[in-house]
Every structure is written in C-alpha cells, then in structure tokens.
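What follows is a set of notes on a single structure, which appears directly below.
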Amino acid sequence: MINWRIDYDVIDMHTHMGIQNCLYYPNHDMDSMVQLMDEAGVEIIVSSPCEDLFNARSNRQQITQSMQKYPDRIKGYYGVTPASAQVSHKELDYIFKNNPGYVGFKLLPDYHRIEVTSEVYQPILKYADENGLLVLCHTWGVSMNGESCNSADKIIHILERYSNMILIMGHSIQGQVDLAIDIAVRYPNAYLDTCDTGRLNGVIEKMVRIAGADKILFGTDAPMQSFYYPLGAVLGARITPHERYMILRGNAEKLLKKIKKI
Amino acid sequence: MKYFDAQACIGDEIVNHQVKNHEGFIVLEKVDVAKDAKELIMHMDYVGIEKALVWHVAMYEADPTSGNKILLDTIAGYENRLIPSWTILPSITDKEYSPEVFFEQMKIHRIKALRAFPEINRYLLNRITMKEQLDIITELKIPLYVEARDNYDAVYSLLEEFPKLTLILCNIGCWPSARYIYPLLKTYPNFYFETGDFGMVNGFEEICQYFGSERLLFGTNFPTNNPACSMYMLMKAKIPTRDKENIAYYNLQRLIEEVKL
C-alpha cells in the first residue's frame, strides 16, 4: 500500500509562472502560487515565467518581483530566448548580482526552434559553466515541429563541452527516456527531471534503479499543472522512503546550496 | 473511499506505449504494462482501486474484433472487479458490428461501454458513417469512449449530431484542456471525461462549482500513468466528500447501471 504522507517540505525545480496563451489555468500569479505551495507542502520553487520564455519584450518583472517578495520560497531561472541569449558576460554579472534569487537559466530549444548545440546558446552555457549554475533545458527526443532541437545526441554534445554547469534535462528527454537515464549515469553534472515524464507508469522506478535516486529532481510545470498530480507519481512509485526524499527534496536542496553567489 | 477506475488498459504492446505528452502530441515510451488481469489487479490493489472498466491494447493495436475477444479471455475469472468495454467499427464495412448482431453479443458478454478509435481504424465517427449504430448507442445509454488527441472538432461534431449520446472523453492530456472541455460540459448533459490525465490547478474545484461533480469520472489512464497521480489529485481536491465519492466511484457505477442492454 502507498504511504501518502510527506513528512518534509518539497522542492520543485521545474515551474513557471503567469499565463501561456494556449492554455487556460487559474492561480498563476506569484501570490496564488505561494498559496498553492503552502497547501501542497512545497517549500521552494525554481521558476521561469512564461513571459520570459515567450514574450520577446518581457521586462522580467514577474520573476524579479517574486524573488524579492518571497526570497526563501521562489528562486528563478533566467529565461533564455534566442534574442536574450545574446547577452554579455558583464551584463549577466549585473543581472545575477542584482537578483540573488537567480540560480541559473531556462532554455527552450525546441519551442524556439534553435538547436541547443547552436552558437546562439553558447554565451549562456559558457557563463553557467564558469559559475557552476543550473541550466534547466527543455528536452524531448521527438519534436512537435520537425527534428528535435534538444534530443539526446544534442544534450550529450553540450555535456561533453561543459562539465561544471548542472544540466537538468527537463522532461528527461521524453521519447528517449532510456537515453536520458544513460546520460545521467555517464555525466555527473546531468540530472533527470520528473516533470510530465514522471507520471509514466514505472519510469521513476527505472530511473532510480539505473541512474540512482540522487540523479532525479522533482519538477511539475506548475502552474500549468497542479503540484498534486506529479507528487502522486513519486508517492506511487515503488521506491524506498529515502529515495523518495532525495527526489522530492534532498537532491534539490544540495544543488541549491552549492550555487555560488555571483 | 472506494475507487472505480474508468480507464485502464491490459496487454503487452508490440512497440513502445503511445503517450499523449503535455503538448498533446504522441510520444513513444516504455511503460510498465499489466500483461494480464492478475497483474492489473496487483496494480489496482497497490493503490487501492476496487474496480476498473477495462480494455485490451489489442483492441487498438491489432484489430477491434480479435481484440474484443482477447479482452474477454484475458479477464475471465476476474469479472467481479474488471468490467469489459469493447471497440466498435462501422457496420457498413464490418458486418459483425451490425446492430442486430453486435448489441446482442454485447448483452451476452455483459459489455457495458464502447470505445471508438476512428483515426486508427480510418473512418469518421459521424452520422454519415454510423447513424444507425450511434442512434442505438444513444438510445440504450451505452457510454462511448472517445479520445480527442488534439482534434476536438470531431468530438464537437459528433455531439452536435448526437446531443444525447453518453460520451466519455478519455486520454485528455496533462495540460489543461478547459477551453475545449468546458463548453462541452455546459452544452451536453451526457458528456463526461475521465480524470487519468487531469492535473489542472483547482480543476476539480472549478468543474464541481460550474457543472457539478456528476460529470467527472475517476480514471487512471493506466498504463500511461502511474495510477497514484490521478488518485492523489482527487484526494487533495478541496471539494466535499460526497463530490469526491461521486467522482471516485458512483458516477461510473450509475452510468453502467443505466445501460439498457
């Protein structure tokens, strides 16, 4: 039988904020999200608002205000678009110094139709690597629009080049999950993400069995999805309480503590 | 609380399992399936599901006629917990689905729901193709499961033609489909959806408030999903216990009891 109790606060490493225009969902502003976190027992989210990922004119107000208002609850990924990727080292220093809640970058290669290996992303990846930052990169083995820009081969390519950044394979290369697991085994700085993929029956157990629970991070895509549904996937997985703890909190806590202030 | 799963599938697949991902397109992945009824029951017992309305993957991957038979063979001896559903085809081509034959077979085998896979079986689920069959399905109040994939036009058209049809939308995808689904809930009193993929923030709360708890059927969409996902989602919904019980068990039980076969 399942133990539905969670005796510790959860850390969610894959969230958004605000509205994505193709969807209707309520409770997507920072205050509502914190309320939802309180209800679900989520202490910290690392977030990349939709406006930073889909609006070329975003002024990043949602994330900067959220990190200021809730510094212990909301951390941020600097959302990268092909346009915003063209930013200098000096500018990034300024951004990260002035917004200490930022812990890394969020990339959406497939949505932006730019291969993750493209030169476009290299300034960002280089900066993340030099500073040991997190890079949450959307990964799919197949694409909704032509060839995947973030399939396993391309993820390996950037991991061969950058060994100091922490690469979170968003959605664990859904469609190539076995390869994502192999990558997590081979590369110490590569992590699996439960977002969407964790619900697939037996997948969390396989990740734990092959890559180990210490290479899996809990992610939800909230507020596009409730915290509860993906939490159910971890609670329902046939893994030990310690493995469950590492996925829901332990690994994320370690990574966030390691992030150096710039 | 008792759970009656409205959407569970048995059987080994010939290739990797088709998953409707969060953007609504199909991805192939390996999932842990239940090869037979005994394995499915083990999964149900692990999470605490009492009954399931089931189908067999062969009804989709192989062909409906042999798949329907395989399902019956597979669940033999477990009928107290596994309720069979069958796939239907247009009788204009496939004579064994003509009303005078097919509905009698359904009655003999106590089939309480039907499934249509028009895309995979290459037909249009509409009045032109299946008027007589759909009229009878509507009249007998047989729930018809339909997947939307990302084509809600077909669901909207079908319900425009058969507004009293008992239609259960399944495999809705994990990101919110409210803009598609709410108009159907508002317009068609016999429209339902199963919650196997339903992870919308405050989704149960909103739907119960707008349309009532009677329109939702607890489902797992097993083996795509770990059954605990939709179960935990429902457990944590901020709705009255009576509404949870309706969704978890009684709505589907009522639909099955209303079938006039």
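Labels used: A, B, ... for chains in the order of the structure tokens, numbers from 1 for residues in each chain, and numbers from 1 for ligands as shown.
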
Members of stretch 39-250 of chain B assigned alpha helix (DSSP H) by DSSP, as an MDAnalysis selection string: chainID B and resid 39:47 58:61 64:75 99:108 118:121 127:139 152:161 178:187 203:211 228:235 241:245

Pull C-alpha atoms from the residues just selected and write them as a CSV table (one decimal), in the first residue's frame.
```csv
chain,number,residue,atom,x,y,z
B,39,GLU,CA,-1.1,-8.1,-13.0
B,40,LEU,CA,-3.7,-5.3,-13.4
B,41,ILE,CA,-5.3,-6.4,-10.2
B,42,MET,CA,-2.0,-6.2,-8.4
B,43,HIS,CA,-1.5,-2.7,-9.6
B,44,MET,CA,-5.1,-1.8,-8.5
B,45,ASP,CA,-4.5,-3.4,-5.1
B,46,TYR,CA,-1.3,-1.5,-4.6
B,47,VAL,CA,-3.1,1.9,-4.9
B,58,ALA,CA,-5.1,-5.4,-28.9
B,59,MET,CA,-8.5,-3.7,-29.5
B,60,TYR,CA,-6.4,-0.7,-30.6
B,61,GLU,CA,-3.1,-2.1,-31.9
B,64,PRO,CA,-11.1,-4.5,-32.8
B,65,THR,CA,-12.8,-7.8,-33.5
B,66,SER,CA,-10.0,-10.1,-32.2
B,67,GLY,CA,-9.1,-7.5,-29.6
B,68,ASN,CA,-12.6,-7.6,-28.2
B,69,LYS,CA,-12.4,-11.4,-27.9
B,70,ILE,CA,-8.9,-11.3,-26.3
B,71,LEU,CA,-10.2,-8.9,-23.7
B,72,LEU,CA,-12.9,-11.4,-22.6
B,73,ASP,CA,-10.4,-14.2,-22.5
B,74,THR,CA,-8.0,-12.1,-20.5
B,75,ILE,CA,-10.4,-11.0,-17.8
B,99,PRO,CA,-26.9,-3.7,-34.7
B,100,GLU,CA,-28.8,-6.9,-34.8
B,101,VAL,CA,-25.6,-8.9,-34.3
B,102,PHE,CA,-23.4,-6.6,-32.2
B,103,PHE,CA,-25.7,-5.4,-29.5
B,104,GLU,CA,-26.9,-9.0,-28.8
B,105,GLN,CA,-23.2,-10.0,-28.4
B,106,MET,CA,-22.7,-7.1,-26.0
B,107,LYS,CA,-25.7,-8.3,-24.0
B,108,ILE,CA,-24.4,-11.9,-23.9
B,118,PRO,CA,-11.8,6.4,-35.7
B,119,GLU,CA,-8.3,7.7,-36.5
B,120,ILE,CA,-6.5,4.4,-36.1
B,121,ASN,CA,-9.4,2.5,-37.8
B,127,ARG,CA,-23.9,10.3,-38.8
B,128,ILE,CA,-23.0,9.6,-42.4
B,129,THR,CA,-20.9,6.6,-41.4
B,130,MET,CA,-22.7,5.2,-38.4
B,131,LYS,CA,-26.1,6.7,-38.0
B,132,GLU,CA,-28.0,3.6,-37.1
B,133,GLN,CA,-25.3,2.4,-34.6
B,134,LEU,CA,-25.0,5.7,-32.9
B,135,ASP,CA,-28.8,6.1,-32.6
B,136,ILE,CA,-29.0,2.8,-30.8
B,137,ILE,CA,-25.9,3.5,-28.6
B,138,THR,CA,-27.6,6.8,-27.6
B,139,GLU,CA,-31.0,5.1,-27.1
B,152,TYR,CA,-11.7,18.4,-30.7
B,153,ASP,CA,-13.5,19.2,-33.9
B,154,ALA,CA,-14.6,15.6,-34.3
B,155,VAL,CA,-15.9,15.5,-30.7
B,156,TYR,CA,-17.8,18.7,-31.2
B,157,SER,CA,-19.3,17.5,-34.5
B,158,LEU,CA,-20.3,14.1,-33.1
B,159,LEU,CA,-22.1,15.7,-30.2
B,160,GLU,CA,-23.8,18.2,-32.4
B,161,GLU,CA,-25.2,15.3,-34.4
B,178,ALA,CA,-10.6,23.6,-20.2
B,179,ARG,CA,-11.2,25.7,-23.2
B,180,TYR,CA,-12.1,22.6,-25.2
B,181,ILE,CA,-13.9,20.8,-22.4
B,182,TYR,CA,-16.0,23.4,-20.5
B,183,PRO,CA,-18.2,24.2,-23.5
B,184,LEU,CA,-19.0,20.6,-23.9
B,185,LEU,CA,-19.8,20.2,-20.2
B,186,LYS,CA,-22.1,23.2,-20.4
B,187,THR,CA,-23.9,22.1,-23.6
B,203,GLY,CA,-9.6,21.8,-11.7
B,204,PHE,CA,-11.9,19.6,-9.6
B,205,GLU,CA,-13.0,22.6,-7.6
B,206,GLU,CA,-13.8,24.7,-10.7
B,207,ILE,CA,-15.7,22.0,-12.5
B,208,CYS,CA,-17.7,20.9,-9.5
B,209,GLN,CA,-18.6,24.6,-9.0
B,210,TYR,CA,-19.6,25.2,-12.6
B,211,PHE,CA,-21.0,21.9,-13.7
B,228,ALA,CA,-1.3,7.4,-7.9
B,229,CYS,CA,-1.2,10.6,-10.0
B,230,SER,CA,-4.9,11.0,-10.5
B,231,MET,CA,-5.7,9.4,-7.2
B,232,TYR,CA,-3.6,11.9,-5.2
B,233,MET,CA,-5.1,14.8,-7.3
B,234,LEU,CA,-8.6,13.8,-6.4
B,235,MET,CA,-7.7,13.1,-2.7
B,241,THR,CA,-16.5,14.3,0.4
B,242,ARG,CA,-19.8,13.5,-1.3
B,243,ASP,CA,-18.5,15.0,-4.6
B,244,LYS,CA,-15.2,13.0,-4.3
B,245,GLU,CA,-17.2,9.8,-3.8
```

Kindly assemble as CSV a list of the chain A residues that lie within 7 Å of chain B, each paired with its nearest atom pair and their distance in Å to one decimal, using only C-alpha atoms, sorted first by chain and then by ascending residue number.
```
residue,atom,partner,partner_atom,distance
A:Met1,CA,B:Tyr46,CA,5.0
A:Ile2,CA,B:Val47,CA,6.2
A:Leu23,CA,B:Pro176,CA,6.4
A:Tyr24,CA,B:Ala178,CA,6.3
A:Tyr25,CA,B:Pro176,CA,6.7
A:Pro26,CA,B:Val201,CA,6.7
A:Met144,CA,B:Phe25,CA,6.8
A:Gly175,CA,B:Glu29,CA,5.5
A:Asp196,CA,B:His22,CA,6.7
A:Arg199,CA,B:Asn225,CA,5.1
A:Leu200,CA,B:Asn225,CA,4.6
A:Asn201,CA,B:Asn226,CA,4.3
A:Gly202,CA,B:Asp32,CA,5.1
A:Val203,CA,B:Val31,CA,6.5
A:Pro223,CA,B:Val201,CA,6.7
A:Met224,CA,B:Trp175,CA,6.3
A:Gln225,CA,B:Met200,CA,5.1
A:Ser226,CA,B:Val201,CA,4.4
A:Tyr228,CA,B:Met233,CA,5.2
A:Tyr229,CA,B:Cys229,CA,4.7
A:Pro230,CA,B:Cys229,CA,6.1
A:Gly232,CA,B:Cys229,CA,4.1
A:Ala233,CA,B:Cys229,CA,5.0
A:Gly236,CA,B:Ala228,CA,5.0
```

Please produce a file of those selected residues containing N, CA, C and O atoms, as a compact mmCIF listing (two decimals), in the first residue's frame.
```
# COMPACT_ATOMS: atom_id res chain seq x y z
N MET A 1 0.84 -1.21 0.00
CA MET A 1 0.00 0.00 0.00
C MET A 1 0.87 1.25 0.00
O MET A 1 1.97 1.27 0.51
N ILE A 2 0.32 2.30 -0.54
CA ILE A 2 1.08 3.55 -0.64
C ILE A 2 1.02 4.32 0.67
O ILE A 2 -0.04 4.43 1.28
N LEU A 23 -3.22 28.10 -23.20
CA LEU A 23 -3.89 27.36 -22.12
C LEU A 23 -4.70 28.28 -21.22
O LEU A 23 -4.36 29.44 -21.02
N TYR A 24 -5.75 27.70 -20.65
CA TYR A 24 -6.45 28.36 -19.55
C TYR A 24 -6.11 27.62 -18.26
O TYR A 24 -6.26 26.41 -18.19
N TYR A 25 -5.64 28.35 -17.28
CA TYR A 25 -5.47 27.76 -15.95
C TYR A 25 -5.50 28.89 -14.92
O TYR A 25 -5.01 29.98 -15.17
N PRO A 26 -6.12 28.64 -13.79
CA PRO A 26 -6.22 29.68 -12.77
C PRO A 26 -4.99 29.70 -11.87
O PRO A 26 -4.12 28.82 -11.95
N MET A 144 7.50 18.55 -31.72
CA MET A 144 6.17 18.83 -32.27
C MET A 144 6.30 19.54 -33.61
O MET A 144 5.31 19.86 -34.25
N GLY A 175 10.48 10.54 -24.80
CA GLY A 175 10.62 9.90 -26.11
C GLY A 175 11.96 9.20 -26.23
O GLY A 175 12.14 8.32 -27.07
N ASP A 196 6.28 15.92 -16.15
CA ASP A 196 5.47 15.18 -17.11
C ASP A 196 5.90 13.72 -17.25
O ASP A 196 5.09 12.82 -17.17
N ARG A 199 5.12 10.78 -14.53
CA ARG A 199 3.81 10.12 -14.41
C ARG A 199 3.76 8.79 -15.14
O ARG A 199 2.91 7.94 -14.86
N LEU A 200 4.66 8.58 -16.11
CA LEU A 200 4.60 7.37 -16.93
C LEU A 200 4.85 6.15 -16.03
O LEU A 200 5.83 6.10 -15.30
N ASN A 201 3.97 5.18 -16.13
CA ASN A 201 4.00 4.08 -15.17
C ASN A 201 5.32 3.31 -15.21
O ASN A 201 5.70 2.78 -16.25
N GLY A 202 5.99 3.28 -14.09
CA GLY A 202 7.24 2.53 -13.97
C GLY A 202 8.49 3.32 -14.29
O GLY A 202 9.60 2.82 -14.10
N VAL A 203 8.35 4.53 -14.77
CA VAL A 203 9.53 5.28 -15.21
C VAL A 203 10.37 5.75 -14.03
O VAL A 203 11.61 5.68 -14.07
N PRO A 223 2.45 26.64 -12.90
CA PRO A 223 1.03 26.44 -12.64
C PRO A 223 0.26 25.84 -13.81
O PRO A 223 -0.96 25.78 -13.77
N MET A 224 0.96 25.37 -14.84
CA MET A 224 0.24 24.68 -15.91
C MET A 224 -0.29 23.35 -15.40
O MET A 224 -1.16 22.74 -16.02
N GLN A 225 0.27 22.89 -14.32
CA GLN A 225 -0.19 21.66 -13.71
C GLN A 225 -0.14 21.81 -12.20
O GLN A 225 0.74 22.49 -11.67
N SER A 226 -1.07 21.17 -11.54
CA SER A 226 -1.11 21.18 -10.08
C SER A 226 0.14 20.48 -9.53
O SER A 226 0.71 19.61 -10.16
N TYR A 228 -0.08 18.50 -7.11
CA TYR A 228 -0.53 17.21 -6.59
C TYR A 228 -0.36 16.06 -7.57
O TYR A 228 0.03 14.96 -7.20
N TYR A 229 -0.70 16.31 -8.82
CA TYR A 229 -0.65 15.21 -9.81
C TYR A 229 0.77 14.63 -9.92
O TYR A 229 0.95 13.41 -9.76
N PRO A 230 1.78 15.47 -10.14
CA PRO A 230 3.14 14.90 -10.21
C PRO A 230 3.65 14.40 -8.86
O PRO A 230 4.47 13.47 -8.82
N GLY A 232 1.84 12.75 -6.87
CA GLY A 232 1.28 11.40 -6.84
C GLY A 232 2.18 10.40 -7.54
O GLY A 232 2.29 9.25 -7.11
N ALA A 233 2.83 10.85 -8.62
CA ALA A 233 3.71 9.94 -9.36
C ALA A 233 4.86 9.46 -8.49
O ALA A 233 5.26 8.29 -8.55
N GLY A 236 3.49 7.24 -5.60
CA GLY A 236 3.03 5.94 -6.07
C GLY A 236 4.15 5.05 -6.60
O GLY A 236 3.92 3.87 -6.87
```

Strand (DSSP E) call set, DSSP backbone run, stretch 112-228 of chain A, as number ranges by chain: A: 134-140, 166-174, 190-193, 216-217

Non-local contacts of A:Ile155 (9 Å; only C-alpha atoms; under 3 positions in same chain excluded) as an MDAnalysis selection string: chainID A and resid 116:117 139 150:152 158:160 169 180 183

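Among the candidates B:Leu255, B:Cys170, B:Leu261, B:Ile247, the one nearest to B:Asn190 when counting only C-alpha atoms is B:Leu255.
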
B:Leu53 surroundings by only C-alpha atoms, 10 Å radius, close-in-sequence under 5 positions cut, as a PyMOL selection string: chain B and resi 4-9+81-85+111-113+219+252-253+256

Deliver the residues from the most recent selection as a file, using N, CA and C atoms, as a JSON list (two decimals), in the first residue's frame.
```
[["chain", "number", "residue", "atom", "x", "y", "z"],
["B", 4, "PHE", "N", -13.39, 3.43, -8.56],
["B", 4, "PHE", "CA", -13.76, 2.66, -9.75],
["B", 4, "PHE", "C", -13.05, 3.35, -10.92],
["B", 5, "ASP", "N", -12.03, 2.70, -11.44],
["B", 5, "ASP", "CA", -11.19, 3.30, -12.48],
["B", 5, "ASP", "C", -11.93, 3.24, -13.83],
["B", 6, "ALA", "N", -12.15, 4.40, -14.41],
["B", 6, "ALA", "CA", -12.89, 4.45, -15.68],
["B", 6, "ALA", "C", -12.00, 4.22, -16.90],
["B", 7, "GLN", "N", -10.69, 4.06, -16.69],
["B", 7, "GLN", "CA", -9.82, 3.99, -17.87],
["B", 7, "GLN", "C", -8.56, 3.20, -17.55],
["B", 8, "ALA", "N", -8.61, 1.89, -17.75],
["B", 8, "ALA", "CA", -7.42, 1.07, -17.54],
["B", 8, "ALA", "C", -7.29, 0.08, -18.70],
["B", 9, "CYS", "N", -6.07, -0.14, -19.11],
["B", 9, "CYS", "CA", -5.81, -0.98, -20.28],
["B", 9, "CYS", "C", -4.92, -2.16, -19.88],
["B", 81, "ARG", "N", -14.27, -7.65, -10.67],
["B", 81, "ARG", "CA", -13.51, -6.40, -10.49],
["B", 81, "ARG", "C", -13.18, -5.72, -11.81],
["B", 82, "LEU", "N", -13.17, -6.45, -12.90],
["B", 82, "LEU", "CA", -12.81, -5.86, -14.19],
["B", 82, "LEU", "C", -14.04, -5.89, -15.11],
["B", 83, "ILE", "N", -14.51, -4.72, -15.49],
["B", 83, "ILE", "CA", -15.71, -4.61, -16.32],
["B", 83, "ILE", "C", -15.25, -4.35, -17.76],
["B", 84, "PRO", "N", -15.67, -5.20, -18.69],
["B", 84, "PRO", "CA", -15.13, -5.06, -20.05],
["B", 84, "PRO", "C", -15.82, -3.98, -20.88],
["B", 85, "SER", "N", -15.03, -3.38, -21.75],
["B", 85, "SER", "CA", -15.58, -2.49, -22.78],
["B", 85, "SER", "C", -15.07, -3.00, -24.13],
["B", 111, "ILE", "N", -21.18, -6.46, -21.81],
["B", 111, "ILE", "CA", -20.33, -5.30, -22.14],
["B", 111, "ILE", "C", -21.10, -4.03, -21.80],
["B", 112, "LYS", "N", -20.48, -3.18, -21.04],
["B", 112, "LYS", "CA", -21.20, -2.01, -20.53],
["B", 112, "LYS", "C", -20.72, -0.69, -21.13],
["B", 113, "ALA", "N", -19.73, -0.73, -21.99],
["B", 113, "ALA", "CA", -19.26, 0.52, -22.60],
["B", 113, "ALA", "C", -18.56, 0.19, -23.91],
["B", 219, "GLY", "N", -10.37, 8.29, -13.34],
["B", 219, "GLY", "CA", -9.67, 7.34, -14.21],
["B", 219, "GLY", "C", -8.19, 7.40, -13.92],
["B", 252, "LEU", "N", -19.56, 6.55, -12.36],
["B", 252, "LEU", "CA", -19.36, 5.48, -13.34],
["B", 252, "LEU", "C", -20.30, 4.31, -13.05],
["B", 253, "GLN", "N", -20.45, 4.01, -11.78],
["B", 253, "GLN", "CA", -21.37, 2.93, -11.40],
["B", 253, "GLN", "C", -22.78, 3.24, -11.92],
["B", 256, "ILE", "N", -23.09, 2.79, -15.72],
["B", 256, "ILE", "CA", -23.15, 1.37, -16.09],
["B", 256, "ILE", "C", -24.53, 0.78, -15.79]]
```

Best match for closeness to A:Asp52 among A:Asp72, A:Gln86, A:Ile168, A:Leu108, counting only C-alpha atoms: A:Leu108

For atom CA of A:Ile173 and atom CA of A:Gly141, the interatomic separation in Å (one decimal): 5.2 Å

Atomic separation - atom CA of A:Ile259 relative to atom CA of A:Leu134, Å: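 Value for the atom CA of A:Leu134-atom CA of A:Ile259 distance: 8.0 Å.
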
Top pick for closest residue to B:Val146, considering B:Tyr123, B:Tyr97, B:Phe117, B:Tyr3 and counting only C-alpha atoms: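 Among the listed residues, B:Phe117 lies closest to B:Val146.
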
Residues near A:Thr15, cut-off 6 Å, only C-alpha atoms, skip fewer than 4 positions along chain, as a list of chain:residue names: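 In the requested form, the answer reads A:Ser47, A:Asp221, A:Ala222.
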
Shell around A:Met37 at 10 Å using only C-alpha atoms, local window under 4 positions removed, as an MDAnalysis selection string: chainID A and resid 9:12 31:33 41:45 73 222 226:227

Please produce a file of the residues just selected, as an mmCIF file, in the first residue's frame, where the atoms kept are C-alpha atoms.
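See out.cif below for the written result:
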```cif
data_model
loop_
_atom_site.group_PDB
_atom_site.id
_atom_site.type_symbol
_atom_site.label_atom_id
_atom_site.label_comp_id
_atom_site.auth_asym_id
_atom_site.auth_seq_id
_atom_site.Cartn_x
_atom_site.Cartn_y
_atom_site.Cartn_z
ATOM 1 C CA ASP A 9 8.787 20.174 2.568
ATOM 2 C CA VAL A 10 9.165 19.586 -1.135
ATOM 3 C CA ILE A 11 11.365 21.495 -3.587
ATOM 4 C CA ASP A 12 10.103 21.831 -7.140
ATOM 5 C CA ASP A 31 0.834 35.123 -4.581
ATOM 6 C CA SER A 32 -1.504 32.389 -5.790
ATOM 7 C CA MET A 33 1.435 30.111 -6.439
ATOM 8 C CA GLY A 41 3.681 21.282 1.183
ATOM 9 C CA VAL A 42 6.088 22.760 -1.332
ATOM 10 C CA GLU A 43 8.672 24.988 0.318
ATOM 11 C CA ILE A 44 10.646 26.241 -2.672
ATOM 12 C CA ILE A 45 10.050 26.510 -6.390
ATOM 13 C CA ARG A 73 10.270 30.463 -1.454
ATOM 14 C CA ALA A 222 3.220 24.429 -12.190
ATOM 15 C CA SER A 226 -1.106 21.181 -10.077
ATOM 16 C CA PHE A 227 1.630 20.126 -7.656
#
```
